[in-house]
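Asker: What follows is a structure written as structure tokens; I'll ask about it next.
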Amino acid sequence: MEKLTIRCLIISGLLFTLTSCRSYQLADVISQEPTEREIVNPYFSTLETDYIYRAHVEIYGRELSGLFIVKRMDSVTHRMVLTTDFGNTLVDLTIGNHVFKINYVMEELDRKMVLNMLHEDFKTLLSPHQHAVVHHALVTQDAYQVKEKSNTYYFMDKESGFLSKIVKASKRKEQVVYEFETSNGKTADQIDITHKTIRLKISLTKTVL
């Protein structure tokens with residue numbers, strides 16, 4: 001059963017890669033002249049901080065719980081570890097602009113397509129800066145479309161200015177949605193990563209050990 005789950009994940013990841021090269025249409029927006037700006041994701045930006053979250057993973061009906069720990073190594077590089085409640089390491093990755101180092105991965109997850117998907121998920125989550133072009137304005141949020149990857153959108157709350165959501169999309173629909181809850185705009189109290197084309201959801205809740 002576990003092997004079947006991994007196989008389904010690999011196939012679904014391949015479909016995601018093939019279909020995510022076009023951008024979907026935002027609903028209920030007011031178009032505006034494109035303006036460039038730098039998008040800042042502050043939630044994993046402090047060098048002195050160990051970011052620790054309770055992690056809950058739902059994948060094809062199977063549930064896993066554990067810890068998600070992130071350490072910023074330098075201006076563009078993070079190291080992240082995902083463990084089980086029993087202390088077993090699932091993945092240990094170093095991720096940066098041009099860095100993807102696999103420090104450890106459990107055998108069941110050691111598949112190229114799975115690792116590529118994890119790389120994309122966590123690179124998007126941890127990347128501190130993105131050069132973006134503003135194409136649309138919403139009533140409660142601004143949507144910023146990343147120039148180099150036109151299928152990625154950043155949503156900033158107009159009232160607070162905090163990053164509230166990131167969407168990766170195909171032409172027709174959302175593919176992966178990252179949602180953030182924050183009280184201070186510096187640290188995310190809750191993060192939910194939801195894949196729309198496969199049964200995979202990662203929920204992260206800030207905690208203190």
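Naming scheme: A, B, ... for chains in displayed order of the structure tokens; residues 1 onward per chain; ligands 1 onward as shown.
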I'd like the contact shell of range 69-82 of chain A - 6 Å cut-off, only C-alpha atoms, skipping same-chain residues fewer than 6 positions apart - returned as a list in words.

Answerer: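 The contact residues come out as Leu47, Asp50, Tyr51, Ile52, Leu90, Val91, Asp92, Leu93, Thr94, Ile95 and Gly96 of chain A.
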
Asker: Create the file for the chosen residues now, containing N, CA, C and O atoms and written as a PDB file, in the first residue's frame.

Answerer:
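Wrote it out as result-v4.pdb, contents follow:
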```pdb
ATOM      1  N   LEU A  47      18.054  35.101  10.838  1.00  0.00           N
ATOM      2  CA  LEU A  47      19.168  34.168  10.976  1.00  0.00           C
ATOM      3  C   LEU A  47      19.251  33.570  12.376  1.00  0.00           C
ATOM      4  O   LEU A  47      19.651  32.427  12.555  1.00  0.00           O
ATOM      5  N   ASP A  50      15.413  29.641  15.247  1.00  0.00           N
ATOM      6  CA  ASP A  50      15.046  28.297  14.810  1.00  0.00           C
ATOM      7  C   ASP A  50      13.524  28.266  14.724  1.00  0.00           C
ATOM      8  O   ASP A  50      12.837  28.466  15.737  1.00  0.00           O
ATOM      9  N   TYR A  51      13.004  28.037  13.546  1.00  0.00           N
ATOM     10  CA  TYR A  51      11.558  28.011  13.343  1.00  0.00           C
ATOM     11  C   TYR A  51      11.076  26.573  13.538  1.00  0.00           C
ATOM     12  O   TYR A  51      11.479  25.666  12.814  1.00  0.00           O
ATOM     13  N   ILE A  52      10.192  26.378  14.517  1.00  0.00           N
ATOM     14  CA  ILE A  52       9.736  25.039  14.873  1.00  0.00           C
ATOM     15  C   ILE A  52       8.214  24.973  14.762  1.00  0.00           C
ATOM     16  O   ILE A  52       7.503  25.807  15.340  1.00  0.00           O
ATOM     17  N   LEU A  90      12.360  12.165   8.247  1.00  0.00           N
ATOM     18  CA  LEU A  90      11.778  11.844   6.950  1.00  0.00           C
ATOM     19  C   LEU A  90      12.603  12.475   5.836  1.00  0.00           C
ATOM     20  O   LEU A  90      13.003  11.807   4.890  1.00  0.00           O
ATOM     21  N   VAL A  91      12.838  13.774   5.952  1.00  0.00           N
ATOM     22  CA  VAL A  91      13.679  14.473   4.975  1.00  0.00           C
ATOM     23  C   VAL A  91      14.503  15.531   5.689  1.00  0.00           C
ATOM     24  O   VAL A  91      14.064  16.131   6.672  1.00  0.00           O
ATOM     25  N   ASP A  92      15.703  15.767   5.176  1.00  0.00           N
ATOM     26  CA  ASP A  92      16.608  16.805   5.671  1.00  0.00           C
ATOM     27  C   ASP A  92      17.205  17.448   4.424  1.00  0.00           C
ATOM     28  O   ASP A  92      17.999  16.834   3.723  1.00  0.00           O
ATOM     29  N   LEU A  93      16.784  18.683   4.136  1.00  0.00           N
ATOM     30  CA  LEU A  93      17.153  19.332   2.886  1.00  0.00           C
ATOM     31  C   LEU A  93      17.783  20.691   3.137  1.00  0.00           C
ATOM     32  O   LEU A  93      17.426  21.389   4.087  1.00  0.00           O
ATOM     33  N   THR A  94      18.716  21.068   2.280  1.00  0.00           N
ATOM     34  CA  THR A  94      19.243  22.428   2.231  1.00  0.00           C
ATOM     35  C   THR A  94      18.773  23.043   0.917  1.00  0.00           C
ATOM     36  O   THR A  94      19.017  22.493  -0.158  1.00  0.00           O
ATOM     37  N   ILE A  95      18.074  24.187   1.017  1.00  0.00           N
ATOM     38  CA  ILE A  95      17.419  24.787  -0.150  1.00  0.00           C
ATOM     39  C   ILE A  95      17.800  26.251  -0.260  1.00  0.00           C
ATOM     40  O   ILE A  95      17.756  27.000   0.724  1.00  0.00           O
ATOM     41  N   GLY A  96      18.175  26.691  -1.459  1.00  0.00           N
ATOM     42  CA  GLY A  96      18.490  28.092  -1.729  1.00  0.00           C
ATOM     43  C   GLY A  96      18.179  28.430  -3.162  1.00  0.00           C
ATOM     44  O   GLY A  96      17.588  27.622  -3.898  1.00  0.00           O
TER      45      GLY A  96
END
```

Asker: Counting only C-alpha atoms, what is within 6 Å of Val177 in chain A, bar same-chain residues fewer than 5 positions away, as an NGL selection string?

Answerer: :A and (166-167 or 193-194)

Asker: Between CA of His119 in chain A and CA of Lys101 in chain A, measure the distance and give it in Å to one decimal.

Answerer: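 Answer for the CA of His119 in chain A to CA of Lys101 in chain A separation: 9.6 Å.
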
Asker: Return the single residue from A:Asn41, A:Asn116, A:Ser170, A:Asn88 that is closest to Thr152 in chain A, with distances computed using only C-alpha atoms.

Answerer: A:Ser170

Asker: I'd like the contact shell of Met156 in chain A - 12 Å cut-off, only C-alpha atoms, skipping same-chain residues fewer than 5 positions apart - returned as a PyMOL selection string.

Answerer: chain A and resi 39-41+134+136-145+161-167+179-181+185

Asker: So which bits of range 59-105 of chain A end up strand (DSSP E) when you DSSP the backbone, as a ChimeraX atom specification?

Answerer: /A:59,62-72,78-84,89-95,100-105

Asker: Mind dumping the selected residues with C-alpha atoms as a compact mmCIF listing (two decimals), in the first residue's frame?

Answerer:
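This went into out.txt:
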```
# COMPACT_ATOMS: atom_id res chain seq x y z
CA ILE A 59 -1.49 11.95 1.91
CA ARG A 62 -2.67 8.33 5.41
CA GLU A 63 -1.79 10.77 8.19
CA LEU A 64 1.64 11.58 9.62
CA SER A 65 2.51 13.87 12.51
CA GLY A 66 5.83 15.26 13.63
CA LEU A 67 8.01 18.35 13.65
CA PHE A 68 9.04 20.74 10.88
CA ILE A 69 12.23 22.66 11.78
CA VAL A 70 13.77 25.42 9.67
CA LYS A 71 17.05 27.28 10.11
CA ARG A 72 18.11 30.14 7.86
CA HIS A 78 17.64 27.46 4.50
CA ARG A 79 17.99 24.03 6.02
CA MET A 80 14.77 22.22 6.83
CA VAL A 81 14.09 18.93 8.60
CA LEU A 82 10.83 17.00 8.78
CA THR A 83 10.65 14.31 11.48
CA THR A 84 8.04 11.94 12.88
CA THR A 89 13.90 11.90 10.10
CA LEU A 90 11.78 11.84 6.95
CA VAL A 91 13.68 14.47 4.98
CA ASP A 92 16.61 16.80 5.67
CA LEU A 93 17.15 19.33 2.89
CA THR A 94 19.24 22.43 2.23
CA ILE A 95 17.42 24.79 -0.15
CA PHE A 100 19.22 21.86 -3.44
CA LYS A 101 21.15 19.47 -1.23
CA ILE A 102 19.65 16.24 0.08
CA ASN A 103 21.23 15.68 3.49
CA TYR A 104 18.93 12.74 4.17
CA VAL A 105 15.73 11.25 2.79
```

Asker: Run DSSP on the backbone of this structure and report the residues of range 81-164 of chain A it assigns to helix (DSSP H, G or I), as a ChimeraX atom specification.

Answerer: /A:107-109,112-126
